[in-house]
>>> print(open('entry_10.txt').read())   # compact mmCIF, C-alpha atoms
# COMPACT_ATOMS: atom_id res chain seq x y z
CA MET A 1 49.08 -2.68 -74.80
CA THR A 2 48.31 -1.92 -71.14
CA THR A 3 48.41 -4.67 -68.59
CA THR A 4 47.04 -4.56 -65.11
CA SER A 5 48.53 -6.40 -62.20
CA THR A 6 47.12 -7.00 -58.79
CA PRO A 7 49.16 -5.21 -56.14
CA PRO A 8 50.66 -7.46 -53.52
CA THR A 9 48.80 -7.51 -50.29
CA THR A 10 50.72 -6.48 -47.24
CA ALA A 11 49.90 -7.83 -43.88
CA GLY A 12 49.09 -4.86 -41.71
CA PRO A 13 47.61 -4.55 -38.29
CA ALA A 14 44.09 -4.90 -39.70
CA ALA A 15 44.93 -8.25 -41.31
CA GLU A 16 46.40 -9.88 -38.22
CA PRO A 17 44.22 -12.63 -36.78
CA PRO A 18 42.96 -12.17 -33.25
CA ALA A 19 45.11 -13.54 -30.49
CA GLY A 20 42.35 -15.76 -29.16
CA PRO A 21 38.64 -16.47 -29.35
CA PRO A 22 36.48 -13.37 -28.81
CA LYS A 23 35.06 -12.97 -25.37
CA THR A 24 31.27 -13.04 -25.27
CA PRO A 25 28.97 -12.07 -22.43
CA PHE A 26 27.63 -14.87 -20.30
CA LEU A 27 24.03 -14.63 -21.56
CA SER A 28 25.16 -14.44 -25.20
CA ARG A 29 26.39 -18.02 -24.96
CA PHE A 30 22.80 -19.25 -24.76
CA PRO A 31 20.66 -19.72 -27.89
CA GLY A 32 18.39 -16.78 -28.65
CA ARG A 33 15.17 -18.28 -27.27
CA PHE A 34 16.86 -19.29 -24.00
CA ARG A 35 18.50 -15.95 -23.19
CA ALA A 36 15.43 -14.34 -21.66
CA PRO A 37 14.65 -17.33 -19.38
CA ALA A 38 18.33 -17.51 -18.40
CA ALA A 39 18.37 -13.80 -17.54
CA PHE A 40 15.13 -14.19 -15.56
CA LEU A 41 16.56 -17.14 -13.63
CA LEU A 42 19.79 -15.28 -12.93
CA GLY A 43 17.88 -12.25 -11.65
CA ALA A 44 15.69 -14.46 -9.45
CA VAL A 45 18.74 -16.14 -7.93
CA LEU A 46 20.46 -12.82 -7.23
CA LEU A 47 17.42 -11.00 -5.84
CA VAL A 48 15.65 -13.76 -3.94
CA GLY A 49 18.50 -16.12 -3.12
CA VAL A 50 21.73 -14.16 -2.77
CA ALA A 51 20.67 -10.67 -1.62
CA PRO A 52 18.85 -11.76 1.59
CA LEU A 53 21.88 -13.84 2.57
CA VAL A 54 24.62 -11.26 2.06
CA LEU A 55 22.88 -7.97 2.90
CA SER A 56 22.07 -6.64 6.34
CA ASP A 57 18.50 -5.74 7.29
CA PHE A 58 19.21 -2.06 6.65
CA ARG A 59 20.76 -2.65 3.21
CA LEU A 60 18.00 -5.05 2.28
CA GLY A 61 15.42 -2.43 3.20
CA LEU A 62 17.17 0.08 0.94
CA LEU A 63 17.23 -2.45 -1.89
CA ALA A 64 13.50 -3.05 -1.42
CA LYS A 65 12.95 0.69 -1.84
CA TYR A 66 15.05 0.76 -5.00
CA LEU A 67 13.23 -2.24 -6.44
CA CYS A 68 9.95 -0.34 -6.07
CA TYR A 69 11.44 2.33 -8.31
CA GLY A 70 12.47 -0.48 -10.66
CA ILE A 71 8.82 -1.55 -10.93
CA VAL A 72 7.90 1.98 -12.00
CA ALA A 73 10.72 1.83 -14.55
CA VAL A 74 9.17 -1.27 -16.14
CA GLY A 75 6.06 0.76 -16.91
CA VAL A 76 8.13 3.71 -18.11
CA SER A 77 10.01 1.39 -20.47
CA LEU A 78 6.69 0.21 -21.91
CA ALA A 79 5.06 3.63 -22.27
CA TRP A 80 8.11 5.73 -23.18
CA GLY A 81 10.66 3.26 -24.50
CA ARG A 82 8.21 1.42 -26.74
CA GLY A 83 5.35 3.88 -27.10
CA GLY A 84 7.21 7.20 -27.16
CA LEU A 85 5.03 8.63 -24.37
CA LEU A 86 7.14 10.86 -22.13
CA VAL A 87 5.34 10.04 -18.89
CA LEU A 88 6.44 12.74 -16.48
CA GLY A 89 3.53 12.18 -14.11
CA GLN A 90 4.10 8.66 -12.84
CA GLY A 91 4.29 10.06 -9.33
CA VAL A 92 0.51 10.49 -9.48
CA PHE A 93 -0.13 6.79 -9.94
CA PHE A 94 2.66 5.86 -7.53
CA GLY A 95 0.97 8.07 -4.93
CA LEU A 96 -2.53 6.74 -5.57
CA GLY A 97 -1.36 3.17 -5.02
CA GLY A 98 0.71 4.18 -2.01
CA TYR A 99 -2.08 6.10 -0.29
CA ALA A 100 -4.57 3.30 -0.97
CA MET A 101 -2.28 0.84 0.81
CA ALA A 102 -1.42 3.31 3.59
CA MET A 103 -5.08 4.03 4.33
CA HIS A 104 -5.80 0.35 4.83
CA LEU A 105 -2.76 -0.14 7.06
CA LYS A 106 -3.74 2.87 9.16
CA LEU A 107 -7.29 1.58 9.60
CA ALA A 108 -5.98 -1.89 10.47
CA ASP A 109 -3.63 -0.42 13.09
CA ALA A 110 -6.50 1.59 14.58
CA ALA A 111 -8.76 -1.46 14.74
CA ALA A 112 -6.02 -3.44 16.50
CA THR A 113 -6.00 -0.85 19.31
CA GLY A 114 -9.80 -0.57 19.51
CA GLU A 115 -10.00 2.80 17.77
CA THR A 116 -12.17 3.80 14.82
CA LEU A 117 -9.93 6.65 13.64
CA PRO A 118 -6.25 6.52 12.62
CA ASP A 119 -3.81 8.05 15.08
CA PHE A 120 -3.15 11.23 13.08
CA MET A 121 -6.90 11.97 12.86
CA LEU A 122 -7.14 11.67 16.64
CA LEU A 123 -4.21 14.07 16.91
CA TYR A 124 -5.76 16.63 14.58
CA GLY A 125 -9.21 16.22 16.14
CA THR A 126 -11.05 15.25 12.96
CA GLU A 127 -14.73 16.10 13.33
CA GLY A 128 -17.57 13.99 12.03
CA GLY A 129 -15.86 10.63 12.38
CA LEU A 130 -14.10 8.69 9.66
CA PRO A 131 -14.52 10.27 6.19
CA TRP A 132 -16.79 8.29 3.89
CA TRP A 133 -14.08 7.75 1.31
CA TRP A 134 -11.84 6.14 3.93
CA ARG A 135 -14.36 3.51 5.02
CA PRO A 136 -14.12 1.07 2.06
CA PHE A 137 -10.35 0.80 2.57
CA ALA A 138 -10.92 -1.08 5.81
CA ASN A 139 -11.58 -4.11 3.60
CA PRO A 140 -8.20 -5.64 2.67
CA ALA A 141 -9.44 -7.05 -0.66
CA PHE A 142 -10.86 -3.67 -1.69
CA ALA A 143 -7.67 -1.87 -0.65
CA LEU A 144 -5.45 -4.29 -2.57
CA ALA A 145 -7.59 -3.94 -5.68
CA MET A 146 -7.60 -0.15 -5.46
CA THR A 147 -3.81 0.04 -5.37
CA VAL A 148 -3.90 -1.00 -9.04
CA VAL A 149 -7.44 -0.26 -10.23
CA LEU A 150 -7.53 3.35 -9.02
CA PRO A 151 -4.33 4.44 -10.84
CA MET A 152 -5.43 2.60 -13.97
CA ALA A 153 -8.88 4.23 -13.86
CA VAL A 154 -7.38 7.71 -13.53
CA ALA A 155 -4.93 6.97 -16.36
CA ALA A 156 -7.76 5.63 -18.55
CA LEU A 157 -9.81 8.78 -18.01
CA LEU A 158 -6.91 11.14 -18.61
CA GLY A 159 -5.56 9.14 -21.55
CA ALA A 160 -8.93 8.93 -23.28
CA LEU A 161 -9.26 12.71 -23.12
CA VAL A 162 -5.68 13.40 -24.20
CA PHE A 163 -4.94 10.80 -26.86
CA ARG A 164 -8.21 11.18 -28.71
CA ARG A 165 -7.48 14.87 -29.06
CA ARG A 166 -4.09 13.86 -30.47
CA VAL A 167 -2.14 15.62 -27.74
CA LYS A 168 1.43 14.32 -27.75
CA GLY A 169 5.06 15.27 -27.29
CA ALA A 170 5.88 18.10 -24.93
CA TYR A 171 2.21 18.96 -24.41
CA PHE A 172 1.49 15.49 -23.06
CA ALA A 173 4.52 15.71 -20.74
CA ILE A 174 3.36 19.09 -19.42
CA LEU A 175 -0.14 17.77 -18.73
CA SER A 176 1.36 14.83 -16.84
CA GLN A 177 3.43 17.15 -14.69
CA ALA A 178 0.45 19.40 -14.03
CA LEU A 179 -1.53 16.41 -12.77
CA ALA A 180 1.33 15.44 -10.43
CA ALA A 181 1.54 18.99 -9.06
CA ALA A 182 -2.24 19.19 -8.57
CA LEU A 183 -2.37 15.93 -6.62
CA ALA A 184 0.54 16.93 -4.37
CA ILE A 185 -1.07 20.32 -3.64
CA TRP A 186 -4.42 18.70 -2.86
CA LEU A 187 -2.84 16.21 -0.46
CA VAL A 188 -1.00 18.98 1.37
CA GLY A 189 -4.24 20.93 1.79
CA GLN A 190 -6.14 17.97 3.29
CA GLN A 191 -4.13 17.70 6.48
CA ALA A 192 -6.93 16.31 8.63
CA THR A 193 -7.70 13.43 6.25
CA THR A 194 -4.40 12.75 4.42
CA GLY A 195 -1.77 13.87 6.92
CA GLY A 196 -0.83 16.96 4.89
CA THR A 197 2.86 17.46 4.28
CA ASN A 198 3.70 14.72 6.80
CA GLY A 199 1.77 12.13 4.85
CA LEU A 200 0.89 8.76 6.35
CA THR A 201 3.56 6.99 8.37
CA ASP A 202 4.29 4.86 11.43
CA PHE A 203 2.65 1.65 10.23
CA GLN A 204 2.68 -1.20 12.71
CA GLY A 205 1.25 -4.14 10.78
CA PHE A 206 0.99 -5.52 7.27
CA PHE A 207 -2.02 -7.82 6.81
CA GLY A 208 -1.56 -9.35 10.24
CA TYR A 209 2.25 -9.32 10.29
CA ASP A 210 4.29 -7.09 12.57
CA LEU A 211 6.39 -4.72 10.45
CA ASN A 212 8.77 -4.16 13.35
CA ASP A 213 9.93 -7.76 13.06
CA PRO A 214 13.02 -8.04 10.77
CA VAL A 215 11.79 -11.41 9.50
CA ASN A 216 8.59 -9.82 8.23
CA GLN A 217 10.57 -7.00 6.66
CA ARG A 218 12.53 -9.59 4.72
CA MET A 219 9.24 -11.14 3.66
CA VAL A 220 8.16 -7.74 2.30
CA TYR A 221 11.43 -7.54 0.37
CA VAL A 222 10.84 -10.97 -1.19
CA ILE A 223 7.32 -9.94 -2.23
CA ILE A 224 8.72 -6.82 -3.92
CA ALA A 225 11.47 -8.76 -5.69
CA VAL A 226 9.07 -11.41 -6.97
CA ALA A 227 6.62 -8.73 -8.12
CA LEU A 228 9.40 -6.99 -10.06
CA LEU A 229 10.49 -10.21 -11.76
CA LEU A 230 6.92 -11.16 -12.72
CA LEU A 231 6.17 -7.71 -14.10
CA MET A 232 9.36 -7.75 -16.14
CA ALA A 233 8.36 -11.13 -17.57
CA ALA A 234 4.87 -9.83 -18.39
CA ALA A 235 6.25 -6.66 -19.96
CA ARG A 236 8.64 -8.66 -22.12
CA GLN A 237 5.73 -10.70 -23.41
CA LEU A 238 4.02 -7.47 -24.37
CA PHE A 239 7.20 -6.29 -26.09
CA VAL A 240 7.46 -9.35 -28.33
CA SER A 241 3.72 -9.65 -28.97
CA ARG A 242 1.80 -8.22 -31.90
CA TYR A 243 0.68 -5.37 -29.66
CA GLY A 244 4.30 -4.51 -28.92
CA GLU A 245 5.07 -4.25 -32.62
CA LEU A 246 1.97 -2.13 -33.12
CA LEU A 247 3.04 0.16 -30.28
CA ILE A 248 6.42 0.72 -31.93
CA ALA A 249 4.67 1.43 -35.22
CA VAL A 250 2.50 4.07 -33.54
CA ARG A 251 5.59 5.63 -32.00
CA ASP A 252 7.44 5.80 -35.31
CA SER A 253 4.61 6.67 -37.71
CA GLU A 254 1.25 7.34 -36.12
CA GLU A 255 -0.45 8.52 -39.31
CA ARG A 256 0.57 5.41 -41.23
CA VAL A 257 -0.88 3.18 -38.52
CA ARG A 258 -4.13 5.15 -38.68
CA PHE A 259 -4.17 4.70 -42.46
CA LEU A 260 -3.86 0.92 -41.96
CA GLY A 261 -7.09 0.88 -39.96
CA TYR A 262 -5.84 0.97 -36.36
CA ASN A 263 -6.70 3.62 -33.81
CA PRO A 264 -3.40 4.95 -32.38
CA ALA A 265 -5.22 6.50 -29.43
CA ASN A 266 -6.35 3.09 -28.19
CA VAL A 267 -2.87 1.61 -28.67
CA LYS A 268 -1.24 4.37 -26.62
CA LEU A 269 -4.00 4.26 -24.04
CA VAL A 270 -3.32 0.60 -23.25
CA ALA A 271 0.40 1.28 -22.66
CA TYR A 272 -0.36 4.32 -20.53
CA VAL A 273 -2.91 2.46 -18.38
CA VAL A 274 -0.66 -0.58 -17.88
CA ALA A 275 2.25 1.67 -16.89
CA ALA A 276 -0.02 3.45 -14.40
CA GLY A 277 -1.05 0.13 -12.85
CA MET A 278 2.60 -0.85 -12.42
CA ALA A 279 3.36 2.50 -10.77
CA GLY A 280 0.39 2.06 -8.44
CA LEU A 281 1.56 -1.39 -7.41
CA ALA A 282 5.06 -0.01 -6.81
CA GLY A 283 3.61 2.69 -4.55
CA ALA A 284 1.59 0.11 -2.62
CA LEU A 285 4.68 -2.03 -2.01
CA PHE A 286 6.75 1.05 -1.17
CA VAL A 287 4.58 1.78 1.88
CA PRO A 288 5.38 -1.32 3.98
CA ALA A 289 8.99 -1.35 2.76
CA VAL A 290 9.82 2.26 3.66
CA GLY A 291 7.08 3.06 6.15
CA ILE A 292 5.85 6.34 4.71
CA ILE A 293 3.97 7.92 1.83
CA SER A 294 3.79 11.70 1.52
CA PRO A 295 3.29 14.44 -1.10
CA ALA A 296 7.07 14.90 -1.27
CA LEU A 297 7.32 11.41 -2.80
CA ILE A 298 4.77 11.90 -5.57
CA GLY A 299 5.22 15.44 -6.87
CA ILE A 300 6.93 16.77 -9.98
CA VAL A 301 10.51 16.10 -8.87
CA PRO A 302 9.94 12.40 -8.00
CA SER A 303 8.03 11.94 -11.27
CA ILE A 304 10.98 13.29 -13.23
CA GLY A 305 13.27 11.05 -11.18
CA PHE A 306 11.37 7.97 -12.33
CA VAL A 307 11.94 8.93 -15.96
CA ILE A 308 15.60 9.83 -15.42
CA GLY A 309 16.35 6.38 -14.02
CA ALA A 310 14.84 4.68 -17.05
CA ALA A 311 16.58 7.10 -19.44
CA VAL A 312 20.01 6.60 -17.90
CA GLY A 313 19.75 2.82 -17.96
CA GLY A 314 18.07 2.63 -21.35
CA ARG A 315 14.36 3.16 -21.73
CA ALA A 316 14.03 0.70 -24.63
CA SER A 317 15.59 -2.11 -22.58
CA LEU A 318 13.68 -3.62 -19.68
CA VAL A 319 16.81 -4.67 -17.82
CA GLY A 320 18.51 -1.36 -18.61
CA ALA A 321 15.56 0.69 -17.37
CA VAL A 322 15.31 -1.28 -14.13
CA LEU A 323 19.05 -1.17 -13.43
CA GLY A 324 19.13 2.53 -14.29
CA ALA A 325 16.29 3.26 -11.88
CA ILE A 326 18.02 1.32 -9.12
CA ALA A 327 21.37 3.03 -9.81
CA VAL A 328 19.90 6.54 -9.85
CA ALA A 329 17.94 5.86 -6.65
CA TRP A 330 21.10 4.57 -4.99
CA ALA A 331 23.02 7.64 -6.16
CA GLN A 332 20.30 9.90 -4.84
CA SER A 333 20.42 8.26 -1.41
CA THR A 334 24.22 8.41 -1.36
CA LEU A 335 25.01 11.73 -2.99
CA SER A 336 22.09 13.76 -1.66
CA ASP A 337 23.42 13.29 1.88
CA ALA A 338 26.91 14.49 0.93
CA TRP A 339 25.75 17.09 -1.61
CA PRO A 340 22.13 18.03 -0.77
CA ALA A 341 22.12 21.37 -2.60
CA GLY A 342 23.56 20.08 -5.85
CA TRP A 343 21.94 16.69 -6.29
CA THR A 344 18.94 18.12 -8.14
CA TYR A 345 21.25 19.79 -10.68
CA LEU A 346 23.21 16.58 -11.13
CA GLN A 347 19.97 14.66 -11.63
CA GLY A 348 18.91 17.11 -14.34
CA LEU A 349 22.33 16.86 -15.98
CA LEU A 350 22.01 13.07 -16.09
CA PHE A 351 18.70 13.40 -17.92
CA VAL A 352 20.11 15.89 -20.44
CA VAL A 353 23.16 13.74 -21.14
CA ALA A 354 21.12 10.56 -21.47
CA VAL A 355 18.54 12.07 -23.82
CA GLY A 356 20.87 14.31 -25.82
CA PHE A 357 24.04 12.25 -26.18
CA LEU A 358 23.09 8.65 -25.40
CA PRO A 359 19.38 8.22 -26.26
CA GLY A 360 19.55 4.48 -25.73
CA GLY A 361 21.02 4.87 -22.24
CA LEU A 362 23.80 2.79 -20.80
CA ALA A 363 22.18 -0.33 -22.25
CA SER A 364 23.13 0.88 -25.74
CA LEU A 365 26.71 1.84 -24.83
CA ARG A 366 28.12 -1.52 -25.91
CA THR A 367 26.36 -1.27 -29.28
CA VAL A 368 27.60 2.29 -29.82
CA LEU A 369 31.18 1.33 -29.02
CA ARG A 370 30.95 -1.70 -31.31
CA ARG A 371 29.71 0.46 -34.18
CA ARG A 372 32.51 2.96 -33.68
CA ARG A 373 35.08 0.16 -33.53
CA THR A 374 33.69 -1.38 -36.71
CA SER A 375 33.71 1.93 -38.54
CA SER A 376 37.27 2.67 -37.41
CA ASP A 377 38.38 -0.82 -38.54
CA ARG A 378 36.82 -0.21 -41.93
CA VAL A 379 38.59 3.13 -42.25
CA GLY A 380 41.90 1.52 -41.25
CA ALA A 381 41.40 -1.33 -43.71
CA THR A 382 40.57 1.14 -46.49
CA LYS A 383 43.70 3.16 -45.79
CA GLY A 384 45.79 -0.02 -45.76
CA VAL A 385 44.49 -1.10 -49.17
CA THR A 386 44.97 2.39 -50.58
CA THR A 387 48.57 2.58 -49.46
>>> encode(input="entry_10.txt", output="structure tokens")
Amino acid sequence: MTTTSTPPTTAGPAAEPPAGPPKTPFLSRFPGRFRAPAAFLLGAVLLVGVAPLVLSDFRLGLLAKYLCYGIVAVGVSLAWGRGGLLVLGQGVFFGLGGYAMAMHLKLADAAATGETLPDFMLLYGTEGGLPWWWRPFANPAFALAMTVVLPMAVAALLGALVFRRRVKGAYFAILSQALAAALAIWLVGQQATTGGTNGLTDFQGFFGYDLNDPVNQRMVYVIIAVALLLLMAAARQLFVSRYGELLIAVRDSEERVRFLGYNPANVKLVAYVVAAGMAGLAGALFVPAVGIISPALIGIVPSIGFVIGAAVGGRASLVGAVLGAIAVAWAQSTLSDAWPAGWTYLQGLLFVVAVGFLPGGLASLRTVLRRRRTSSDRVGATKGVTT
């Protein structure tokens, strides 16, 4: 007769209790439904309350510039992170919003000095007076509306043509880049009406406020910070809504969604148009914060830079995408001065590493490490039981 006995358990390293309670992140201590409001409140305190107090005017101006890139990243997170649309042409919409705002500011500056033409048109000797397509931008309400409506209209037209023909993947990315290149080339060729390669710069006022006053520059920063926070809140509501779930379903299995009776083209079109509107608003706010808009800021390379920032931080995470965009923009400003010839290669390497080896970006690094730790603990526990 064979008897079986349970082997005695030996206390190994895997069986030892932890030395103390596990450390949890600050936001994880809140209940699930309160984490997002707590994160929003924390971001508002840091951006609106702390940053203006501790940063100099110069550093605050740089942060305002980076936050504009963060606004673009919110749209990229929606279109690419949730919808799977590799939007490599966001510079187009950023530029449309920026030029719409810049045209109004130029006309306002000219009117303040008693002129009918902006200063660069007087310098180039523009014939025939103010171009007809400049005239409506003298109205501040029209200009403000166009900073968002114009990019969204262009995105709606392009998206309707592309998505209904079921163009996706690399082909969609190439078309986006082609549009960015075409707009930059057109702007360079229209030197007498768009400033050419120099773009539009040297703005004096912002809706009646003197931009040379540091107090007004801080006001512009606060406007940008509040706009970023509100757009992040709105994007999160889209993420958790029924539309957000439908957008993920289209990304993962477009044919199945079509079989269920939905039109994937319309679902993707909404995400693409909303992302374009966010990029246009970012471009409009970029103009008074930085003081310039030019073709060099809206071409292929800047468009790729917008995507790289979101990819490095984590395109599926709103906070990760925004922080990644800010970090990459800061690195570009810092490293491009010390290493101007190699920054472009480093930027491309960041994109390759993020997409190829860490698809979820830095926002997913904690999850990846936790999974590896769990798997290693399981392997160690299995070996301990076996021995």
>>> closest_atom_pairs(input="entry_10.txt", of="region 172-220 of chain A", to="region 110-113 of chain A", cutoff="12 Å", atoms="all atoms listed in the file", output="JSON lines")
{"residue": "A:Asp202", "atom": "CA", "partner": "A:Ala110", "partner_atom": "CA", "distance": 11.7}
{"residue": "A:Phe203", "atom": "CA", "partner": "A:Ala110", "partner_atom": "CA", "distance": 10.1}
{"residue": "A:Gln204", "atom": "CA", "partner": "A:Ala112", "partner_atom": "CA", "distance": 9.8}
{"residue": "A:Gly205", "atom": "CA", "partner": "A:Ala112", "partner_atom": "CA", "distance": 9.3}
{"residue": "A:Phe206", "atom": "CA", "partner": "A:Ala112", "partner_atom": "CA", "distance": 11.8}
{"residue": "A:Phe207", "atom": "CA", "partner": "A:Ala112", "partner_atom": "CA", "distance": 11.4}
{"residue": "A:Gly208", "atom": "CA", "partner": "A:Ala112", "partner_atom": "CA", "distance": 9.7}
{"residue": "A:Tyr209", "atom": "CA", "partner": "A:Ala112", "partner_atom": "CA", "distance": 11.9}
{"residue": "A:Asp210", "atom": "CA", "partner": "A:Ala112", "partner_atom": "CA", "distance": 11.6}
>>> write_last_selection(input="entry_10.txt", atoms="C-alpha atoms", output="JSON list (two decimals), keeping the file's coordinate frame")
[["chain", "number", "residue", "atom", "x", "y", "z"],
["A", 202, "ASP", "CA", 4.29, 4.86, 11.43],
["A", 203, "PHE", "CA", 2.65, 1.65, 10.23],
["A", 204, "GLN", "CA", 2.68, -1.20, 12.71],
["A", 205, "GLY", "CA", 1.25, -4.14, 10.78],
["A", 206, "PHE", "CA", 0.99, -5.52, 7.27],
["A", 207, "PHE", "CA", -2.02, -7.82, 6.81],
["A", 208, "GLY", "CA", -1.56, -9.35, 10.24],
["A", 209, "TYR", "CA", 2.25, -9.32, 10.29],
["A", 210, "ASP", "CA", 4.29, -7.09, 12.57]]
>>> closest_atom_pairs(input="entry_10.txt", of="region 25-116 of chain A", to="region 131-140 of chain A", cutoff="10 Å", atoms="all atoms listed in the file", output="CSV")
residue,atom,partner,partner_atom,distance
A:Ala100,CA,A:Phe137,CA,7.2
A:Met101,CA,A:Phe137,CA,8.3
A:Ala102,CA,A:Phe137,CA,9.3
A:Met103,CA,A:Phe137,CA,6.4
A:His104,CA,A:Phe137,CA,5.1
A:Leu105,CA,A:Ala138,CA,8.3
A:Lys106,CA,A:Ala138,CA,8.9
A:Leu107,CA,A:Ala138,CA,5.9
A:Ala108,CA,A:Ala138,CA,6.8
A:Ala111,CA,A:Ala138,CA,9.2
>>> write_last_selection(input="entry_10.txt", atoms="C-alpha atoms", output="short mmCIF file (atom, residue, chain, number, x, y, z; two decimals), in the coordinates of the input")
data_model
loop_
_atom_site.label_atom_id
_atom_site.label_comp_id
_atom_site.auth_asym_id
_atom_site.auth_seq_id
_atom_site.Cartn_x
_atom_site.Cartn_y
_atom_site.Cartn_z
CA ALA A 100 -4.57 3.30 -0.97
CA MET A 101 -2.28 0.84 0.81
CA ALA A 102 -1.42 3.31 3.59
CA MET A 103 -5.08 4.03 4.33
CA HIS A 104 -5.80 0.35 4.83
CA LEU A 105 -2.76 -0.14 7.06
CA LYS A 106 -3.74 2.87 9.16
CA LEU A 107 -7.29 1.58 9.60
CA ALA A 108 -5.98 -1.89 10.47
CA ALA A 111 -8.76 -1.46 14.74
#
>>> atom_distance(input="entry_10.txt", atom1="CA of Ser176 (chain A)", atom2="CA of Val353 (chain A)")
22.2 Å
>>> closest_residue(input="entry_10.txt", among="A:Leu96, A:Ala296, A:Leu247, A:Ile308", to="Leu269 (chain A)", atoms="all atoms listed in the file")
A:Leu247
>>> closest_atom_pairs(input="entry_10.txt", of="region 195-289 of chain A", to="region 318-324 of chain A", cutoff="9 Å", atoms="only C-alpha atoms", output="CSV")
residue,atom,partner,partner_atom,distance
A:Met232,CA,A:Leu318,CA,6.9
A:Ala235,CA,A:Leu318,CA,8.0
A:Arg236,CA,A:Leu318,CA,7.5
>>> closest_residue(input="entry_10.txt", among="A:Pro264, A:Ala180, A:Leu144, A:Gly360", to="Asp252 (chain A)", atoms="all atoms listed in the file")
A:Pro264
>>> closest_residue(input="entry_10.txt", among="A:Ala155, A:Leu230, A:Ala276, A:Val92", to="Pro37 (chain A)", atoms="only C-alpha atoms")
A:Leu230
>>> residues_around(input="entry_10.txt", residues="Val76 (chain A)", least_positions_apart="6", cutoff="10 Å", atoms="all atoms listed in the file", output="number ranges by chain")
A: 70, 82-88, 90, 271-272, 274-276, 278-279, 306-307, 309-311, 315-316, 318, 321-322
>>> closest_residue(input="entry_10.txt", among="A:Ala51, A:Ile71, A:Leu42, A:Ala173", to="Ala227 (chain A)", atoms="all atoms listed in the file")
A:Ile71
>>> residues_around(input="entry_10.txt", residues="Leu150 (chain A)", least_positions_apart="4", cutoff="9 Å", atoms="all atoms listed in the file", output="ChimeraX atom specification")
/A:93,96-97,100,145-146,154-155,277,280
>>> build_atoms(input="entry_10.txt", residues="region 59-70 of chain A", atoms="N, CA and C atoms", output="short mmCIF file (atom, residue, chain, number, x, y, z; two decimals), keeping the file's coordinate frame")
data_model
loop_
_atom_site.label_atom_id
_atom_site.label_comp_id
_atom_site.auth_asym_id
_atom_site.auth_seq_id
_atom_site.Cartn_x
_atom_site.Cartn_y
_atom_site.Cartn_z
N ARG A 59 20.46 -2.67 4.64
CA ARG A 59 20.76 -2.65 3.21
C ARG A 59 19.65 -3.33 2.41
N LEU A 60 19.08 -4.37 2.98
CA LEU A 60 18.00 -5.05 2.28
C LEU A 60 16.76 -4.16 2.20
N GLY A 61 16.53 -3.37 3.24
CA GLY A 61 15.42 -2.43 3.20
C GLY A 61 15.63 -1.36 2.14
N LEU A 62 16.88 -0.89 2.00
CA LEU A 62 17.17 0.08 0.94
C LEU A 62 16.97 -0.53 -0.44
N LEU A 63 17.40 -1.78 -0.61
CA LEU A 63 17.23 -2.45 -1.89
C LEU A 63 15.75 -2.63 -2.22
N ALA A 64 14.94 -2.93 -1.20
CA ALA A 64 13.50 -3.05 -1.42
C ALA A 64 12.92 -1.73 -1.93
N LYS A 65 13.38 -0.63 -1.38
CA LYS A 65 12.95 0.69 -1.84
C LYS A 65 13.35 0.91 -3.29
N TYR A 66 14.58 0.56 -3.63
CA TYR A 66 15.05 0.76 -5.00
C TYR A 66 14.31 -0.14 -5.99
N LEU A 67 13.96 -1.34 -5.56
CA LEU A 67 13.23 -2.24 -6.44
C LEU A 67 11.83 -1.71 -6.75
N CYS A 68 11.24 -0.99 -5.79
CA CYS A 68 9.95 -0.34 -6.07
C CYS A 68 10.10 0.66 -7.21
N TYR A 69 11.19 1.41 -7.20
CA TYR A 69 11.44 2.33 -8.31
C TYR A 69 11.68 1.55 -9.61
N GLY A 70 12.28 0.36 -9.48
CA GLY A 70 12.47 -0.48 -10.66
C GLY A 70 11.15 -0.92 -11.26
#
